[in-house]
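Dropping target-v2.txt in here (compact mmCIF, C-alpha atoms):
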# COMPACT_ATOMS: atom_id res chain seq x y z
CA MET A 1 0.00 0.00 0.00
CA ARG A 2 2.93 2.33 0.65
CA ALA A 3 4.13 1.78 -2.92
CA ALA A 4 0.56 2.28 -4.10
CA ARG A 5 0.42 5.58 -2.24
CA ALA A 6 3.18 6.85 -4.53
CA GLY A 7 0.94 6.23 -7.52
CA ASP A 8 2.02 2.71 -8.45
CA ALA A 9 -1.21 1.21 -9.85
CA ALA A 10 0.29 -2.28 -10.24
CA ALA A 11 1.37 -2.35 -6.58
CA TYR A 12 -2.07 -1.12 -5.62
CA ARG A 13 -3.68 -3.89 -7.58
CA ARG A 14 -1.45 -6.48 -5.92
CA PHE A 15 -2.39 -5.07 -2.55
CA LEU A 16 -6.14 -5.39 -3.24
CA LEU A 17 -5.71 -8.86 -4.74
CA GLY A 18 -3.79 -9.86 -1.65
CA VAL A 19 -6.41 -8.57 0.75
CA ALA A 20 -9.44 -9.98 -1.10
CA PRO A 21 -9.04 -13.67 -0.09
CA TYR A 22 -8.98 -12.72 3.59
CA LEU A 23 -11.99 -10.47 3.21
CA ARG A 24 -13.72 -13.35 1.48
CA ALA A 25 -12.96 -15.76 4.31
CA LEU A 26 -14.30 -13.26 6.81
CA ALA A 27 -17.40 -12.46 4.74
CA ARG A 28 -18.24 -16.14 4.19
CA ARG A 29 -17.86 -16.91 7.86
CA SER A 30 -20.14 -13.99 8.74
CA CYS A 31 -22.72 -14.94 6.10
CA GLN A 32 -22.82 -18.48 7.38
CA ARG A 33 -23.40 -17.31 10.91
CA ALA A 34 -26.16 -14.91 9.83
CA GLY A 35 -27.82 -17.59 7.70
CA LEU A 36 -27.25 -15.73 4.43
CA PRO A 37 -26.49 -17.55 1.17
CA ARG A 38 -22.82 -17.97 0.35
CA GLU A 39 -23.18 -15.92 -2.84
CA GLU A 40 -23.87 -12.78 -0.81
CA ALA A 41 -20.34 -12.94 0.58
CA GLU A 42 -18.75 -11.93 -2.72
CA ASP A 43 -20.97 -8.85 -2.88
CA VAL A 44 -19.85 -7.94 0.64
CA VAL A 45 -16.22 -8.39 -0.40
CA GLN A 46 -16.66 -6.01 -3.32
CA ASP A 47 -18.36 -3.47 -1.10
CA VAL A 48 -15.44 -3.57 1.34
CA LEU A 49 -12.91 -3.26 -1.50
CA LEU A 50 -14.80 -0.27 -2.86
CA ALA A 51 -14.76 1.40 0.55
CA ILE A 52 -11.03 0.73 0.91
CA HIS A 53 -10.54 2.28 -2.50
CA LEU A 54 -12.63 5.42 -2.01
CA LYS A 55 -11.30 6.00 1.50
CA ARG A 56 -7.66 5.10 0.82
CA HIS A 57 -6.49 8.65 1.48
CA SER A 58 -7.72 8.46 5.06
CA TRP A 59 -4.90 6.05 5.91
CA ASP A 60 -1.96 7.79 7.55
CA ALA A 61 1.13 6.11 6.10
CA ALA A 62 2.96 6.70 9.40
CA ARG A 63 0.66 4.19 11.10
CA PRO A 64 0.36 0.41 10.54
CA ILE A 65 -2.27 -0.46 7.99
CA GLY A 66 -3.82 -3.35 9.94
CA PRO A 67 -6.09 -1.38 12.28
CA TRP A 68 -7.16 0.91 9.46
CA LEU A 69 -8.08 -2.03 7.26
CA ALA A 70 -9.86 -3.77 10.11
CA ALA A 71 -11.92 -0.69 10.99
CA ILE A 72 -13.03 -0.13 7.38
CA THR A 73 -13.87 -3.80 6.94
CA ARG A 74 -15.88 -3.95 10.16
CA ASN A 75 -17.79 -0.79 9.22
CA ARG A 76 -18.78 -2.10 5.78
CA LEU A 77 -19.51 -5.60 7.04
CA ILE A 78 -21.98 -4.34 9.64
CA ASP A 79 -23.62 -1.98 7.14
CA GLY A 80 -23.83 -4.69 4.52
CA PHE A 81 -25.59 -7.13 6.81
CA ARG A 82 -28.00 -4.54 8.07
CA ARG A 83 -28.88 -3.78 4.46
CA ARG A 84 -29.73 -7.42 3.88
CA GLY A 85 -32.04 -7.37 6.85
CA ALA A 86 -29.80 -9.76 8.71
CA ARG A 87 -28.63 -9.15 12.24
CA PRO A 88 -25.21 -7.51 11.92
CA PRO A 89 -22.48 -10.01 12.69
CA GLU A 90 -20.68 -9.48 15.92
CA VAL A 91 -17.35 -8.56 14.44
CA SER A 92 -14.84 -7.22 16.88
CA LEU A 93 -11.91 -5.29 15.52
CA ALA A 94 -9.67 -7.96 16.97
CA LEU A 95 -11.44 -10.71 15.03
CA VAL A 96 -11.21 -8.76 11.77
CA ALA A 97 -7.57 -7.94 12.33
CA GLU A 98 -6.83 -11.56 13.18
CA THR A 99 -8.53 -12.88 10.05
CA LEU A 100 -6.84 -10.30 7.86
CA ALA A 101 -3.45 -10.98 9.35
CA ALA A 102 -3.33 -14.75 9.75
CA GLY A 103 -6.63 -16.32 8.71
CA GLU A 104 -6.96 -18.64 5.78
CA GLY A 105 -7.59 -16.82 2.52
CA GLU A 106 -10.24 -18.25 0.24
CA ALA A 107 -10.40 -18.15 -3.53
CA ALA A 108 -13.48 -16.91 -5.33
CA ASP A 109 -15.95 -19.41 -6.73
CA ALA A 110 -15.41 -19.92 -10.44
CA ARG A 111 -17.04 -17.20 -12.56
CA HIS A 112 -19.08 -15.83 -9.77
CA ASP A 113 -21.16 -13.03 -11.12
CA VAL A 114 -22.32 -10.08 -9.05
CA GLY A 115 -23.61 -7.50 -11.49
CA ARG A 116 -26.60 -6.25 -9.55
CA LEU A 117 -25.38 -2.76 -8.72
CA LEU A 118 -23.45 -2.42 -11.96
CA ALA A 119 -26.74 -2.71 -13.82
CA GLN A 120 -27.90 0.51 -12.18
CA LEU A 121 -25.14 2.61 -13.71
CA ALA A 122 -25.66 4.76 -16.81
CA PRO A 123 -24.76 2.86 -20.04
CA ARG A 124 -21.58 4.85 -20.66
CA GLN A 125 -20.41 4.39 -17.08
CA ARG A 126 -21.01 0.66 -17.30
CA GLN A 127 -19.11 0.44 -20.59
CA VAL A 128 -16.11 2.15 -19.05
CA VAL A 129 -16.14 0.01 -15.91
CA GLU A 130 -16.43 -3.17 -17.99
CA ALA A 131 -13.69 -2.11 -20.37
CA VAL A 132 -11.11 -1.57 -17.64
CA SER A 133 -12.25 -4.52 -15.53
CA ILE A 134 -13.61 -7.51 -17.43
CA GLU A 135 -11.66 -6.71 -20.59
CA GLY A 136 -8.67 -5.63 -18.53
CA ARG A 137 -7.78 -2.61 -20.66
CA SER A 138 -5.80 0.35 -19.45
CA ALA A 139 -7.55 3.70 -19.31
CA GLY A 140 -5.80 4.68 -22.54
CA GLU A 141 -6.88 1.53 -24.41
CA ALA A 142 -10.43 1.83 -23.14
CA ALA A 143 -10.47 5.43 -24.32
CA ALA A 144 -9.43 4.42 -27.84
CA ARG A 145 -12.06 1.70 -28.03
CA LEU A 146 -14.89 3.81 -26.66
CA ARG A 147 -13.81 6.87 -28.69
CA MET A 148 -13.40 8.98 -25.60
CA SER A 149 -10.44 10.96 -24.34
CA GLU A 150 -8.35 9.26 -21.66
CA GLY A 151 -9.26 12.02 -19.22
CA ALA A 152 -12.95 11.44 -19.88
CA VAL A 153 -12.51 7.71 -19.25
CA ARG A 154 -10.81 8.41 -15.92
CA VAL A 155 -13.47 10.87 -14.83
CA THR A 156 -16.29 8.55 -15.90
CA LEU A 157 -14.67 5.64 -14.09
CA HIS A 158 -14.20 7.61 -10.91
CA ARG A 159 -17.78 8.90 -10.95
CA ALA A 160 -19.09 5.40 -11.62
CA LEU A 161 -17.23 4.03 -8.58
CA LYS A 162 -18.49 6.81 -6.35
CA LEU A 163 -22.01 6.17 -7.62
CA LEU A 164 -21.65 2.47 -6.81
CA ALA A 165 -20.71 3.38 -3.25
CA ALA A 166 -23.67 5.77 -3.04
CA LEU A 167 -25.98 3.01 -4.29
CA HIS A 168 -24.66 0.74 -1.57
CA ARG A 169 -25.33 3.45 1.00
CA LYS A 170 -28.81 4.19 -0.28
CA GLU A 171 -29.81 0.57 0.06
CA THR A 172 -28.56 0.68 3.62
CA ALA A 173 -30.47 3.78 4.66
CA MET B 1 -18.56 -9.01 -12.12
CA ARG B 2 -15.76 -11.15 -10.76
CA THR B 3 -13.92 -9.63 -7.86
CA GLU B 4 -10.58 -9.82 -9.68
CA ASP B 5 -12.08 -7.79 -12.53
CA PHE B 6 -13.56 -5.35 -10.09
CA ILE B 7 -10.12 -4.88 -8.52
CA ALA B 8 -8.74 -4.09 -11.98
CA ALA B 9 -11.31 -1.29 -12.25
CA LEU B 10 -10.30 0.07 -8.85
CA ALA B 11 -6.61 -0.04 -9.79
CA ALA B 12 -7.35 1.77 -13.05
CA ASP B 13 -8.95 4.54 -11.00
CA HIS B 14 -5.82 4.85 -8.87
CA ARG B 15 -3.06 7.23 -9.76
CA ARG B 16 -0.87 9.81 -8.23
CA PRO B 17 -2.77 13.01 -7.60
CA ARG B 18 -1.48 15.76 -9.88
CA LEU B 19 -1.45 18.57 -7.38
CA GLY B 20 1.17 17.48 -4.88
CA PRO B 21 0.34 15.12 -2.04
CA ALA B 22 -3.23 14.01 -1.36
CA VAL B 23 -5.18 16.12 1.10
CA THR B 24 -4.77 14.26 4.38
CA PRO B 25 -7.55 14.41 6.99
CA GLY B 26 -5.34 16.55 9.23
CA LEU B 27 -4.68 19.09 6.50
CA ALA B 28 -8.36 19.16 5.53
CA LEU B 29 -9.36 19.84 9.14
CA GLY B 30 -6.78 22.61 9.46
CA LEU B 31 -8.02 24.30 6.30
CA ALA B 32 -11.59 23.96 7.55
CA VAL B 33 -10.82 25.65 10.87
CA ALA B 34 -8.92 28.47 9.16
CA SER B 35 -11.54 29.17 6.51
CA GLY B 36 -14.51 28.63 8.82
CA GLY B 37 -12.98 30.84 11.52
CA LEU B 38 -12.27 33.60 9.04
CA ALA B 39 -15.82 33.44 7.70
CA ALA B 40 -17.22 33.64 11.26
CA LEU B 41 -14.98 36.60 12.06
CA LEU B 42 -16.17 38.46 8.97
CA LEU B 43 -19.78 37.64 9.81
CA LEU B 44 -19.39 39.03 13.33
CA ALA B 45 -17.78 42.21 11.98
CA LEU B 46 -20.64 42.66 9.51
CA VAL B 47 -23.58 41.73 11.73
CA ALA B 48 -22.65 42.90 15.20
CA GLY B 49 -19.21 44.52 15.22
CA PHE B 50 -16.69 44.25 18.05
CA ARG B 51 -17.05 45.49 21.60
CA PRO B 52 -15.75 49.00 22.34
CA GLY B 53 -12.27 49.00 23.88
CA LEU B 54 -11.58 45.47 22.72
CA GLY B 55 -7.80 45.64 23.19
CA ALA B 56 -8.05 46.72 26.81
CA ALA B 57 -10.84 44.24 27.54
CA LEU B 58 -8.79 41.30 26.28
CA GLY B 59 -6.17 42.13 28.91
CA THR B 60 -8.63 41.73 31.80
CA LEU B 61 -8.82 38.48 33.69
CA ARG B 62 -12.51 37.83 32.97
CA VAL B 63 -12.34 38.32 29.19
CA GLY B 64 -9.04 36.47 29.09
CA PHE B 65 -10.76 33.53 30.80
CA LYS B 66 -13.61 33.64 28.30
CA VAL B 67 -11.24 33.31 25.34
CA ALA B 68 -8.94 30.84 27.09
CA LEU B 69 -11.84 28.55 27.99
CA MET B 70 -12.96 28.42 24.37
CA LEU B 71 -9.46 27.73 23.07
CA SER B 72 -8.81 25.06 25.71
CA LEU B 73 -11.91 23.23 24.48
CA LEU B 74 -11.26 23.86 20.80
CA ALA B 75 -7.75 22.39 20.75
CA PRO B 76 -8.51 18.93 22.17
CA ALA B 77 -11.74 18.76 20.16
CA LEU B 78 -9.74 19.24 16.97
CA GLY B 79 -7.12 16.72 18.06
CA LEU B 80 -9.85 14.19 18.76
CA LEU B 81 -11.54 14.95 15.45
CA ARG B 82 -8.33 14.24 13.58
CA ARG B 83 -8.26 10.74 15.12
CA LEU B 84 -11.98 10.14 14.60
CA ALA B 85 -11.58 10.87 10.89
CA GLU B 86 -9.15 8.00 10.46
CA PRO B 87 -10.46 4.45 10.78
CA GLY B 88 -8.67 2.41 13.42
CA ALA B 89 -6.58 5.30 14.73
CA PRO B 90 -6.07 5.31 18.51
CA LEU B 91 -7.76 8.29 20.16
CA GLY B 92 -4.60 9.11 22.07
CA PRO B 93 -4.56 11.57 24.97
CA TRP B 94 -7.21 13.88 23.51
CA PRO B 95 -10.27 12.71 25.48
CA ARG B 96 -8.35 13.42 28.69
CA TRP B 97 -7.37 16.89 27.53
CA LEU B 98 -11.07 17.63 27.15
CA LEU B 99 -11.27 17.51 30.97
CA LEU B 100 -8.86 20.40 31.42
CA PRO B 101 -11.40 23.11 30.48
CA SER B 102 -13.78 21.89 33.18
CA LEU B 103 -11.04 22.42 35.81
CA LEU B 104 -10.45 25.86 34.35
CA ALA B 105 -14.18 26.57 34.58
CA LEU B 106 -14.39 25.39 38.20
CA ALA B 107 -11.44 27.56 39.18
CA ALA B 108 -13.02 30.59 37.48
CA LEU B 109 -16.35 29.97 39.22
CA ALA B 110 -14.64 29.79 42.60
CA LEU B 111 -12.66 32.99 41.98
CA GLU B 112 -15.73 34.86 40.78
CA ALA B 113 -17.79 33.66 43.75
CA GLY B 114 -15.12 35.06 46.03
CA ALA B 115 -14.77 38.32 44.13
CA ILE B 116 -18.36 39.55 43.96
CA PRO B 117 -21.08 39.63 46.65
CA ALA B 118 -23.59 36.79 46.61
CA ALA B 119 -26.49 39.20 46.10
CA THR B 120 -25.19 40.07 42.59
CA TRP B 121 -24.54 36.49 41.43
CA ARG B 122 -27.97 36.09 39.88
CA ASP B 123 -27.76 39.32 37.88
CA ARG B 124 -24.28 38.49 36.68
CA MET B 125 -25.39 35.06 35.56
CA ILE B 126 -28.46 36.29 33.66
CA GLY B 127 -26.47 39.18 32.17
CA GLN B 128 -27.67 41.64 29.55
CA SER B 129 -27.33 39.74 26.31
CA ALA B 130 -28.20 36.09 26.90
CA ALA B 131 -30.67 35.81 24.04
CA PHE B 132 -28.28 37.51 21.62
CA CYS B 133 -25.52 35.13 22.71
CA LEU B 134 -27.75 32.11 22.10
CA VAL B 135 -28.46 33.35 18.57
CA MET B 136 -25.00 34.60 17.63
CA ILE B 137 -22.89 31.61 18.66
CA PRO B 138 -24.86 29.07 16.59
CA LEU B 139 -24.95 31.57 13.72
CA LEU B 140 -21.19 32.08 13.83
CA ALA B 141 -20.69 28.33 14.18
CA ALA B 142 -22.50 27.54 10.93
CA ALA B 143 -19.57 28.21 8.57
CA PRO B 144 -16.93 26.36 10.63
CA MET B 145 -19.32 23.45 11.10
CA ALA B 146 -19.98 23.15 7.37
CA ALA B 147 -16.24 23.32 6.64
CA LEU B 148 -15.43 20.70 9.30
CA MET B 149 -18.14 18.36 8.01
CA LEU B 150 -16.75 18.66 4.48
CA ALA B 151 -13.27 17.92 5.82
CA LEU B 152 -14.55 14.89 7.73
CA ARG B 153 -16.07 13.53 4.55
CA GLN B 154 -12.54 13.50 3.12
CA GLY B 155 -11.68 11.15 5.94
CA ALA B 156 -13.65 8.08 6.96
CA PRO B 157 -15.23 8.45 10.41
CA THR B 158 -16.41 5.03 11.58
CA GLN B 159 -18.52 6.68 14.31
CA PRO B 160 -20.37 9.35 12.32
CA GLY B 161 -22.55 10.53 15.20
CA LEU B 162 -19.62 11.02 17.56
CA ALA B 163 -17.51 12.68 14.85
CA GLY B 164 -20.40 15.06 14.11
CA LEU B 165 -20.81 15.83 17.82
CA VAL B 166 -17.12 16.67 18.24
CA ALA B 167 -17.20 18.74 15.03
CA GLY B 168 -20.14 20.64 16.52
CA LEU B 169 -18.24 21.10 19.79
CA ALA B 170 -15.20 22.43 17.93
CA SER B 171 -17.18 24.83 15.77
CA GLY B 172 -19.22 25.97 18.78
CA CYS B 173 -16.03 26.77 20.71
CA LEU B 174 -14.50 28.55 17.74
CA ALA B 175 -17.70 30.59 17.40
CA GLY B 176 -17.68 31.25 21.16
CA GLY B 177 -14.11 32.50 21.04
CA ILE B 178 -14.98 34.84 18.20
CA TYR B 179 -18.22 36.01 19.79
CA ALA B 180 -16.20 36.86 22.90
CA LEU B 181 -14.76 39.75 20.86
CA ARG B 182 -18.23 41.26 20.93
CA CYS B 183 -19.94 39.98 24.10
CA GLY B 184 -20.14 42.49 26.95
CA ASP B 185 -21.13 40.04 29.71
CA ASP B 186 -17.83 39.01 31.21
CA SER B 187 -18.70 37.12 34.38
CA PRO B 188 -17.70 33.43 34.32
CA PHE B 189 -21.20 32.77 35.67
CA PHE B 190 -22.62 34.12 32.43
CA VAL B 191 -20.03 32.53 30.16
CA ILE B 192 -20.36 29.04 31.56
CA LEU B 193 -24.17 29.07 31.52
CA TRP B 194 -24.94 30.77 28.21
CA PHE B 195 -21.85 30.01 26.12
CA GLY B 196 -22.14 26.46 27.42
CA LEU B 197 -25.79 26.25 26.41
CA ALA B 198 -25.10 27.71 22.96
CA ILE B 199 -22.20 25.30 22.36
CA GLY B 200 -24.38 22.44 23.54
CA ILE B 201 -26.98 23.36 20.94
CA VAL B 202 -24.34 23.45 18.21
CA ALA B 203 -22.84 20.14 19.33
CA SER B 204 -26.28 18.46 19.31
CA ALA B 205 -26.89 19.76 15.80
CA GLY B 206 -23.48 18.36 14.83
CA TRP B 207 -24.45 14.97 16.20
CA LEU B 208 -27.68 14.92 14.18
CA ILE B 209 -25.94 16.08 11.00
CA GLY B 210 -23.05 13.67 11.46
CA ARG B 211 -25.31 10.67 11.89
CA ARG B 212 -26.91 11.29 8.54
CA TRP B 213 -24.25 13.00 6.50
CA LEU B 214 -20.94 11.52 7.60
CA ARG B 215 -21.84 7.91 6.87
CA TRP B 216 -20.02 6.22 4.04
Any chance you could put this one into structure tokens?
Amino acid sequence: MRAARAGDAAAYRRFLLGVAPYLRALARRSCQRAGLPREEAEDVVQDVLLAIHLKRHSWDAARPIGPWLAAITRNRLIDGFRRRGARPPEVSLALVAETLAAGEGEAADARHDVGRLLAQLAPRQRQVVEAVSIEGRSAGEAAARLRMSEGAVRVTLHRALKLLAALHRKETA
Amino acid sequence: MRTEDFIAALAADHRRPRLGPAVTPGLALGLAVASGGLAALLLLALVAGFRPGLGAALGTLRVGFKVALMLSLLAPALGLLRRLAEPGAPLGPWPRWLLLPSLLALAALALEAGAIPAATWRDRMIGQSAAFCLVMIPLLAAAPMAALMLALRQGAPTQPGLAGLVAGLASGCLAGGIYALRCGDDSPFFVILWFGLAIGIVASAGWLIGRRWLRW
């Protein structure tokens, strides 16, 4: 994450990929306890990742990242379960931190598809998100394919992600 | 969408900010206090003006106490706010520093009780301008509060209600310190009752706003 802070997108991606399996283990365990279907866990994982992303500037690089990560995860986990009408899991910061630090990571189920919120985006926003994610293009490549400027792609992407977070919040409220 | 793909989208959205370092929560809060305080000062100058003989008044013990009490509350409130804006950050010594102003207030009450005859306590406490004080402090607090809330949204408060409450406390104290440049009721009896009430109103408003608006 420190390398990512300096603007290294590849390092940032590795960081998120590294965190995801632990988030997944935690989310699945919580879903099981709350009696929610296993598929919901992946949606929770993506919500947590989105929060980490949008709030990444709130981490003070002088402090260890563990407590920060644990607090964000706990916040989103509780919100996510409330939204699903399930009793929020009793996640202590210690439990989250423990799972993130040492727990067993779990791989995603093959081709698990969670496109529910994505479907609520405007068509252009969805195209941009899909181009850089599913098709794995860089912002520049996506811009060429969608006949947009690279700046416009970046702005659209950023707005789309913020909108996704807002949609998550609205469902919670 | 698969989570790995989703992560690719997040990474594509990540890059070094063009204009120097990212705005940290601490910097955002500092800017908010500066801009909000300046706005409140201008508002006071426009709406009510300053008290006559301000320079001399600031040198007296009673007015000095009024300003010092506000600053001694403002500083730990801001320190606490900085920690509340960052998920997982330890609160540090700030909650304890919030107790210092109450000692200051007790000492001032004792001194004042000894300095003036008991028959005048009531009049000193009610003062001349209580209603004006209750209107002006929340009014002056509005700009700092808005700026602090915006700054907090740059951070990620995991306890939005508490963060809003402390933001309200901080902006109320800032407004109180600025209103002290106008207020002509200088007895600690008056200050603690009416300034305290006004700041309490602002802090409650902050709590309500925070609960709704600082969630993420």
For each of B:Ala156, B:Cys183, B:Leu71, B:Leu139, take the minimum atom-to-atom distance to chain A, counting only C-alpha atoms, then give the residue where this is smallest.
B:Ala156
Show me the residues close to (-10.9, 2.7, 11.6) - anything with an atom within 8 Å, counting only C-alpha atoms - and format the list as a VMD selection string.
(chain A and resid 67 to 72) or (chain B and resid 86 to 89 156 to 158)
Each residue of chain B with at least one atom at most 6 Å from chain A should appear once, together with its nearest atom pair and the corresponding distance in Å (one decimal); atoms considered: only C-alpha atoms; ordering: chain, then increasing residue number; output as a Markdown table.
| residue | atom | partner | partner_atom | distance |
| --- | --- | --- | --- | --- |
| B:Met1 | CA | A:Asp113 | CA | 4.9 |
| B:Arg2 | CA | A:Asp113 | CA | 5.7 |
| B:Asp5 | CA | A:Ser133 | CA | 4.4 |
| B:Phe6 | CA | A:Ser133 | CA | 5.7 |
| B:Ala8 | CA | A:Ser133 | CA | 5.0 |
| B:Ala9 | CA | A:Ser133 | CA | 4.7 |
| B:Ala11 | CA | A:Arg13 | CA | 5.3 |
| B:His14 | CA | A:Ala9 | CA | 6.0 |
| B:Arg15 | CA | A:Gly7 | CA | 4.7 |
| B:Arg16 | CA | A:Gly7 | CA | 4.1 |
| B:Glu86 | CA | A:Ser58 | CA | 5.6 |
| B:Pro87 | CA | A:Trp68 | CA | 5.0 |
| B:Gly88 | CA | A:Trp68 | CA | 4.5 |
| B:Gly155 | CA | A:Ser58 | CA | 4.9 |
Write out as JSON, numbers by chain the residues lying within 12 Å of stretch 104-112 of chain B, counting only C-alpha atoms and excluding same-chain residues fewer than 5 positions away.
{"B": [61, 62, 63, 64, 65, 66, 67, 68, 69, 70, 71, 72, 73, 97, 98, 99, 117, 118, 120, 121, 124, 125, 186, 187, 188, 189, 190, 191, 192, 193, 195, 196]}
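Atom CA of B:Leu165 lies 28.5 Å from atom CA of A:Arg84.
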Enumerate, as JSON, numbers by chain, the protein, DNA and RNA residues whose atoms approach (-11.2, 21.9, 12.1) to within 8 Å, taking into account all atoms listed in the file and the coordinate frame of the file.
{"B": [28, 29, 30, 31, 32, 33, 34, 78, 81, 144, 147, 148, 151, 167, 170, 171]}
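When all atoms listed in the file are used to measure the gap to B:Val47, the shortest distance among B:Ala130, B:Leu10, B:Leu140, B:Leu74 belongs to B:Leu140.
In this structure, atom CA of B:Gly26 sits 14.9 Å away from atom CA of B:Gly92.
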May I ask for the distance between atom CA of A:Phe81 and atom CA of B:Ile209, given in Å to one decimal place?
23.6 Å
Just want the 8 Å neighbourhood of stretch 39-41 of chain A, counted on all atoms listed in the file, with same-chain residues fewer than 5 positions away dropped. Output as a ChimeraX atom specification.
/A:24,27-28,31
Top pick for closest residue to A:Tyr22, considering A:Val96, A:Ala34, A:Pro123, A:Leu77 and counting all atoms listed in the file:
A:Val96
Show which residues sit within 10 Å of B:Gly200, as a ChimeraX atom specification. Count only C-alpha atoms, and ignore same-chain residues fewer than 5 positions away.
/B:138,165,168-169,172-173,194-195,205-206
Pick from A:Leu121, A:Leu26, A:Ala143, A:Val19 nearest to A:Leu167, counting only C-alpha atoms
A:Leu121
Pick from B:Gly49, B:Gly184, B:Gly164, B:Pro25, whichever lies nearest to B:Ala77 using only C-alpha atoms
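Once distances to B:Ala77 are computed over only C-alpha atoms, the minimum belongs to B:Gly164.
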